[in-house]
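Scroll down for the structure; my scribbles are underneath it.
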Amino acid sequence: CAQHGGAAFTPFVDESVATLSFAVSQADARNEENEPSTDNAISALGKIAQHHVTAQASQVWQMWLAYLPLQSDVQEALLVHRQLCQLVEANHPDILGANHVNLARILTIFSQVLETDMCDEAITRDIRTILHQAQAGLGDAVEVACRGLPPPPRWR
């Protein structure tokens, strides 16, 4: 609905954002039983924020970004991680943040999805392209952001 509903979905945007935001903010949202549903709710929030004007767009994007990477629903994860790449490539201001403040978070997400089922070949190519472009265009900012990355898991 959010992506393809167009103007017909507009009257439901604010209520949908409120309901989905409430669902993903619950303490048990990421437990094993609820995580697939939460992944879908996060995906829906991203689609609403991308395809509809909402007063809370900036907050929705920050919630969306904070929840990533998706870890349970592979199909939704591929869609959402591809969406993240597209938004970064488009220099979306709410995703990158003022002065690229979200760059470290985005790089962390990329590091967590690469070489997992939650990332396909197209997403891997997009991430590589983004990293090369960021290094060329933002040099020092990328280096600083990389210093803040957590160490990779031992199983990788």
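Identifiers in the structure tokens: chain A, B, ... in order shown; residue index from 1 per chain; ligand index from 1 in order shown.
The environment of Thr124 (chain A) within 10 Å, counting only C-alpha atoms and disregarding residues fewer than 2 places along the same chain, consists of His81, Arg82, Cys85, Phe110, Val113, Leu114, Glu115, Cys119, Asp120, Glu121, Ala122, Asp126, Ile127, Arg128, Thr129 and Ile130 of chain A.
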Would you mind listing, for every residue of region 91-131 of chain A within 12 Å of region 27-51 of chain A, the two atoms forming the shortest contact and the distance between them in Å to one decimal, using only C-alpha atoms, sorted by chain and ascending residue number, as JSON lines?
{"residue": "A:His92", "atom": "CA", "partner": "A:Gln50", "partner_atom": "CA", "distance": 10.1}
{"residue": "A:Asp94", "atom": "CA", "partner": "A:Ala49", "partner_atom": "CA", "distance": 10.3}
{"residue": "A:Ile95", "atom": "CA", "partner": "A:Gly46", "partner_atom": "CA", "distance": 10.9}
{"residue": "A:Met118", "atom": "CA", "partner": "A:Asp39", "partner_atom": "CA", "distance": 11.9}
How about saving the chosen residues, all heavy atoms kept, as a PDB file, in the first residue's frame?
ATOM      1  N   HIS A  92      20.545  10.979   0.247  1.00  0.00           N
ATOM      2  CA  HIS A  92      19.339  11.355   0.983  1.00  0.00           C
ATOM      3  C   HIS A  92      19.741  12.030   2.292  1.00  0.00           C
ATOM      4  O   HIS A  92      20.454  11.448   3.118  1.00  0.00           O
ATOM      5  CB  HIS A  92      18.494  10.111   1.260  1.00  0.00           C
ATOM      6  CG  HIS A  92      17.126  10.426   1.758  1.00  0.00           C
ATOM      7  ND1 HIS A  92      16.896  10.895   3.028  1.00  0.00           N
ATOM      8  CD2 HIS A  92      15.922  10.362   1.144  1.00  0.00           C
ATOM      9  CE1 HIS A  92      15.605  11.087   3.189  1.00  0.00           C
ATOM     10  NE2 HIS A  92      14.989  10.779   2.049  1.00  0.00           N
ATOM     11  N   ASP A  94      18.228  12.787   5.144  1.00  0.00           N
ATOM     12  CA  ASP A  94      17.850  12.180   6.428  1.00  0.00           C
ATOM     13  C   ASP A  94      18.617  10.887   6.691  1.00  0.00           C
ATOM     14  O   ASP A  94      18.821  10.509   7.844  1.00  0.00           O
ATOM     15  CB  ASP A  94      16.346  11.905   6.478  1.00  0.00           C
ATOM     16  CG  ASP A  94      15.519  13.167   6.625  1.00  0.00           C
ATOM     17  OD1 ASP A  94      15.985  14.104   7.314  1.00  0.00           O
ATOM     18  OD2 ASP A  94      14.424  13.226   6.047  1.00  0.00           O
ATOM     19  N   ILE A  95      19.029  10.221   5.643  1.00  0.00           N
ATOM     20  CA  ILE A  95      19.808   8.991   5.815  1.00  0.00           C
ATOM     21  C   ILE A  95      21.253   9.323   6.151  1.00  0.00           C
ATOM     22  O   ILE A  95      21.817   8.777   7.094  1.00  0.00           O
ATOM     23  CB  ILE A  95      19.718   8.096   4.556  1.00  0.00           C
ATOM     24  CG1 ILE A  95      18.273   7.647   4.318  1.00  0.00           C
ATOM     25  CG2 ILE A  95      20.668   6.907   4.654  1.00  0.00           C
ATOM     26  CD1 ILE A  95      17.668   6.836   5.450  1.00  0.00           C
ATOM     27  N   MET A 118      21.500 -11.946   3.941  1.00  0.00           N
ATOM     28  CA  MET A 118      20.752 -10.695   3.909  1.00  0.00           C
ATOM     29  C   MET A 118      21.314  -9.705   2.887  1.00  0.00           C
ATOM     30  O   MET A 118      20.954  -8.538   2.868  1.00  0.00           O
ATOM     31  CB  MET A 118      20.750 -10.045   5.293  1.00  0.00           C
ATOM     32  CG  MET A 118      20.239 -10.940   6.393  1.00  0.00           C
ATOM     33  SD  MET A 118      18.566 -11.511   6.058  1.00  0.00           S
ATOM     34  CE  MET A 118      18.338 -12.686   7.362  1.00  0.00           C
TER      35      MET A 118
END
**Prompt:** In region 64-139 of chain A, what's helix (DSSP H, G or I) per DSSP? Answer as a PyMOL selection string?
**Reply:** chain A and resi 64-67+74-89+93-96+98-100+103-113+121-139
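If you measure from each of A:Ser21, A:Asn99, A:Gln133, A:Ser72 to Gln56 (chain A) using only C-alpha atoms, the closest one turns out to be A:Ser21.
Remark: for Leu20 (chain A), the closest of the candidate residues A:Leu131, A:Val53, A:Val80, A:Val60 is A:Val60 (distances computed over only C-alpha atoms).
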